[in-house]
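S.K.: Sharing my_file.pdb (PDB, C-alpha atoms) below.
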ATOM      1  CA  MET A 281     -26.880 -39.933 -47.727
ATOM      2  CA  ASN A 282     -27.415 -40.488 -51.432
ATOM      3  CA  VAL A 283     -27.290 -38.283 -54.502
ATOM      4  CA  LEU A 284     -28.775 -39.857 -57.625
ATOM      5  CA  LEU A 285     -28.045 -38.805 -61.180
ATOM      6  CA  HIS A 286     -30.556 -40.355 -63.607
ATOM      7  CA  ARG A 287     -29.042 -39.934 -67.072
ATOM      8  CA  THR A 288     -30.338 -39.666 -70.615
ATOM      9  CA  TYR A 289     -27.635 -39.987 -73.262
ATOM     10  CA  PHE A 290     -27.493 -38.025 -76.509
ATOM     11  CA  GLU A 291     -24.859 -37.778 -79.219
ATOM     12  CA  GLU A 292     -24.029 -34.175 -78.270
ATOM     13  CA  GLY A 293     -24.161 -34.496 -74.478
ATOM     14  CA  THR A 294     -25.764 -36.073 -71.436
ATOM     15  CA  ASN A 295     -28.684 -34.644 -69.466
ATOM     16  CA  SER A 296     -29.768 -35.924 -66.076
ATOM     17  CA  ALA A 297     -32.314 -35.449 -63.351
ATOM     18  CA  LEU A 298     -30.665 -34.866 -59.962
ATOM     19  CA  PHE A 299     -32.105 -36.245 -56.712
ATOM     20  CA  TYR A 300     -31.006 -35.907 -53.080
ATOM     21  CA  ASN A 301     -32.268 -38.676 -50.750
ATOM     22  CA  GLY A 302     -35.058 -39.360 -53.238
ATOM     23  CA  GLN A 303     -36.127 -35.710 -53.546
ATOM     24  CA  PHE A 304     -35.864 -33.997 -56.947
ATOM     25  CA  LEU A 305     -33.339 -31.125 -56.813
ATOM     26  CA  GLY A 306     -32.882 -30.118 -60.440
ATOM     27  CA  PHE A 307     -30.877 -31.290 -63.420
ATOM     28  CA  ALA A 308     -27.270 -31.933 -64.447
ATOM     29  CA  ILE A 309     -25.326 -31.671 -67.683
ATOM     30  CA  GLU A 310     -22.308 -33.643 -68.835
ATOM     31  CA  LEU A 311     -20.307 -34.485 -71.917
ATOM     32  CA  PRO A 312     -21.562 -37.352 -74.119
ATOM     33  CA  TRP A 313     -20.595 -40.949 -73.362
ATOM     34  CA  LEU A 314     -17.404 -41.656 -75.330
ATOM     35  CA  ASN A 315     -16.138 -44.781 -73.529
ATOM     36  CA  ASN A 316     -14.749 -42.855 -70.551
ATOM     37  CA  GLN A 317     -12.094 -41.077 -72.630
ATOM     38  CA  ARG A 318     -10.328 -38.392 -70.618
ATOM     39  CA  ASN A 319     -11.497 -34.804 -71.146
ATOM     40  CA  VAL A 320     -14.182 -35.677 -73.754
ATOM     41  CA  SER A 321     -16.499 -38.226 -72.084
ATOM     42  CA  CYS A 322     -18.771 -38.347 -69.087
ATOM     43  CA  ILE A 323     -17.740 -40.877 -66.436
ATOM     44  CA  PRO A 324     -19.128 -44.440 -66.235
ATOM     45  CA  GLU A 325     -22.345 -45.259 -64.437
ATOM     46  CA  GLY A 326     -21.833 -46.596 -60.923
ATOM     47  CA  GLU A 327     -21.581 -45.551 -57.308
ATOM     48  CA  TYR A 328     -19.002 -43.026 -56.129
ATOM     49  CA  GLU A 329     -18.146 -41.328 -52.860
ATOM     50  CA  LEU A 330     -18.326 -37.524 -52.734
ATOM     51  CA  LYS A 331     -15.963 -35.349 -50.704
ATOM     52  CA  ALA A 332     -15.847 -31.631 -49.937
ATOM     53  CA  ARG A 333     -13.433 -29.598 -52.053
ATOM     54  CA  TYR A 334     -12.478 -25.943 -52.322
ATOM     55  CA  SER A 335     -10.611 -24.099 -55.074
ATOM     56  CA  SER A 336     -10.218 -20.438 -55.947
ATOM     57  CA  LYS A 337     -11.800 -21.139 -59.353
ATOM     58  CA  PHE A 338     -15.002 -22.874 -58.160
ATOM     59  CA  GLY A 339     -15.202 -22.043 -54.454
ATOM     60  CA  HIS A 340     -16.854 -24.828 -52.440
ATOM     61  CA  HIS A 341     -17.771 -27.783 -54.647
ATOM     62  CA  LEU A 342     -17.621 -31.596 -54.614
ATOM     63  CA  HIS A 343     -14.962 -34.124 -55.621
ATOM     64  CA  ILE A 344     -16.093 -37.481 -57.074
ATOM     65  CA  LEU A 345     -13.665 -40.110 -55.779
ATOM     66  CA  ASP A 346     -12.248 -43.255 -57.397
ATOM     67  CA  VAL A 347     -13.434 -42.846 -60.972
ATOM     68  CA  LYS A 348     -11.724 -45.644 -62.905
ATOM     69  CA  GLY A 349      -9.133 -44.287 -65.332
ATOM     70  CA  ARG A 350      -9.852 -40.667 -64.384
ATOM     71  CA  SER A 351      -8.726 -38.120 -61.812
ATOM     72  CA  LEU A 352     -10.066 -34.881 -60.352
ATOM     73  CA  ILE A 353     -13.646 -35.405 -61.511
ATOM     74  CA  LEU A 354     -15.752 -32.693 -59.867
ATOM     75  CA  LEU A 355     -19.280 -31.446 -59.401
ATOM     76  CA  HIS A 356     -18.859 -27.763 -60.256
ATOM     77  CA  PRO A 357     -20.832 -24.955 -61.920
ATOM     78  CA  ALA A 358     -21.143 -24.825 -65.721
ATOM     79  CA  ASN A 359     -23.908 -24.051 -68.188
ATOM     80  CA  ASN A 360     -22.453 -25.616 -71.347
ATOM     81  CA  ALA A 361     -20.894 -29.085 -71.108
ATOM     82  CA  LYS A 362     -18.864 -28.961 -74.323
ATOM     83  CA  ARG A 363     -17.373 -25.549 -73.511
ATOM     84  CA  GLU A 364     -16.910 -25.808 -69.726
ATOM     85  CA  LEU A 365     -16.553 -29.483 -68.735
ATOM     86  CA  ARG A 366     -13.805 -32.075 -69.191
ATOM     87  CA  GLY A 367     -15.551 -35.075 -67.680
ATOM     88  CA  CYS A 368     -17.006 -33.298 -64.661
ATOM     89  CA  ILE A 369     -20.684 -32.907 -63.794
ATOM     90  CA  ALA A 370     -22.514 -29.577 -63.567
ATOM     91  CA  PRO A 371     -25.833 -29.233 -61.736
ATOM     92  CA  VAL A 372     -28.220 -26.831 -63.490
ATOM     93  CA  THR A 373     -31.545 -25.374 -62.396
ATOM     94  CA  GLN A 374     -33.045 -25.688 -65.876
ATOM     95  CA  LEU A 375     -32.122 -27.598 -69.031
ATOM     96  CA  THR A 376     -31.900 -25.414 -72.139
ATOM     97  CA  GLY A 377     -30.639 -28.057 -74.589
ATOM     98  CA  ILE A 378     -28.524 -31.178 -74.810
ATOM     99  CA  GLY A 379     -25.570 -30.698 -72.475
ATOM    100  CA  LYS A 380     -26.781 -27.164 -71.743
ATOM    101  CA  GLY A 381     -28.566 -25.498 -68.853
ATOM    102  CA  ASN A 382     -28.707 -22.354 -66.778
ATOM    103  CA  ASN A 383     -28.443 -21.138 -63.192
ATOM    104  CA  SER A 384     -25.786 -23.699 -62.316
ATOM    105  CA  LYS A 385     -24.290 -21.852 -59.328
ATOM    106  CA  PRO A 386     -27.486 -21.649 -57.199
ATOM    107  CA  LEU A 387     -28.181 -25.382 -57.586
ATOM    108  CA  LEU A 388     -24.559 -26.285 -56.876
ATOM    109  CA  GLN A 389     -24.677 -24.141 -53.719
ATOM    110  CA  LYS A 390     -27.832 -25.952 -52.580
ATOM    111  CA  LEU A 391     -26.285 -29.383 -53.235
ATOM    112  CA  VAL A 392     -23.001 -28.396 -51.565
ATOM    113  CA  SER A 393     -24.903 -27.143 -48.506
ATOM    114  CA  LEU A 394     -26.806 -30.438 -48.176
ATOM    115  CA  CYS A 395     -23.645 -32.507 -48.636
ATOM    116  CA  TYR A 396     -21.516 -30.395 -46.280
ATOM    117  CA  GLN A 397     -24.200 -30.790 -43.583
ATOM    118  CA  ALA A 398     -23.941 -34.566 -44.032
ATOM    119  CA  PHE A 399     -20.130 -34.357 -43.852
ATOM    120  CA  ASP A 400     -20.462 -32.389 -40.594
ATOM    121  CA  ARG A 401     -22.545 -35.298 -39.230
ATOM    122  CA  ASN A 402     -19.739 -37.673 -40.302
ATOM    123  CA  GLU A 403     -21.998 -39.277 -42.918
ATOM    124  CA  ASN A 404     -20.713 -40.689 -46.195
ATOM    125  CA  VAL A 405     -22.296 -39.141 -49.258
ATOM    126  CA  LEU A 406     -22.690 -41.476 -52.224
ATOM    127  CA  LEU A 407     -23.338 -40.465 -55.818
ATOM    128  CA  THR A 408     -25.206 -43.094 -57.835
ATOM    129  CA  ILE A 409     -25.192 -42.626 -61.595
ATOM    130  CA  LYS A 410     -27.589 -44.674 -63.730
ATOM    131  CA  SER A 411     -29.645 -44.423 -66.898
TER     132      SER A 411
END
Starting from the file, lay out its structure as structure tokens.

M.R.:
Amino acid sequence: MNVLLHRTYFEEGTNSALFYNGQFLGFAIELPWLNNQRNVSCIPEGEYELKARYSSKFGHHLHILDVKGRSLILLHPANNAKRELRGCIAPVTQLTGIGKGNNSKPLLQKLVSLCYQAFDRNENVLLTIKS
């Protein structure tokens, strides 16, 4: 199973279109590209494995594994990248600006449901990030 993030970079943030097995799901917001610096930059383009994760803060969400030079990079709900993200990715139903969107939780729940179904079938879920 594949999740694709097709990015557009801006000075103030990164906006993406989000696809699941080739089907458009919605959008995503991230911090701007600042050479993969911890807490202030989005992560590098590439292919990453996703795993199920649960926390009291975010509930069920997704962990992006093996990000070079980074740890605990997540797909979790947020509507403003600069205020709510530290390198993570937030799916959003609608873009409202650069690095900003709304209705993050419903889209995350949809993505988590699709991914958890794949995990239940013992499938690997890959996240491909490109521009």

S.K.: Quick one: which residues end up in the PyMOL selection byres ((chain A and resi 387-401) around 12) for this structure, as an NGL selection string?

M.R.: :A and (281-284 or 298-301 or 303-308 or 329-334 or 338-343 or 354-359 or 369-374 or 381-386 or 402-407)

S.K.: Padding of 8 Å on every side, edges along x, y and z, all listed atoms of segment 372-375 of chain A included: what centre and edge lengths in Å, to one decimal, does that box have, as lines of an AutoDock Vina configuration file?

M.R.:
center_x = -30.6
center_y = -26.5
center_z = -65.7
size_x = 20.8
size_y = 18.2
size_z = 22.6

S.K.: I'd like the interatomic distance between atom CA of Glu292 of chain A and atom CA of Gly349 of chain A, to a tenth of an Å.

M.R.: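 About the pair atom CA of Glu292 of chain A and atom CA of Gly349 of chain A: they are 22.2 Å apart.
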
S.K.: Would you mind reading off the distance between atom CA of His286 of chain A and atom CA of Ser336 of chain A, one decimal, in Å?

M.R.: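 Here the two named atoms are 29.5 Å from each other.
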
S.K.: Using all atoms listed in the file for the distances, tell me which of A:Thr288, A:Gly293, A:Glu364, A:Gln317 is nearest to Ser351 of chain A.

M.R.: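 For Ser351 of chain A, the nearest of the candidates is A:Gln317.
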
S.K.: Atom CA of Cys322 of chain A and atom CA of Arg366 of chain A, how far apart in Å?

M.R.: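 These atoms are spaced 8.0 Å apart.
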
S.K.: With the PyMOL selection byres ((chain A and resi 361) around 6) as the selection, what would be picked from this file? Answer as an NGL selection string, please.

M.R.: :A and (310-311 or 360 or 362-365 or 379)

S.K.: Between A:Ser321, A:Glu327, A:Trp313, A:Lys337, which one has atoms that come closest to Leu285 of chain A, using only C-alpha atoms?

M.R.: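 Of all the options, A:Glu327 lies closest to Leu285 of chain A.
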
S.K.: If you apply the PyMOL selection byres ((chain A and resi 326) around 10) to this file, what residues do you get, as a list in words?

M.R.: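 Listing what the PyMOL selection byres ((chain A and resi 326) around 10) selects in the shown file: Leu285, Ile323, Pro324, Glu325, Glu327, Tyr328, Val347, Leu407, Thr408, Ile409 and Lys410 of chain A.
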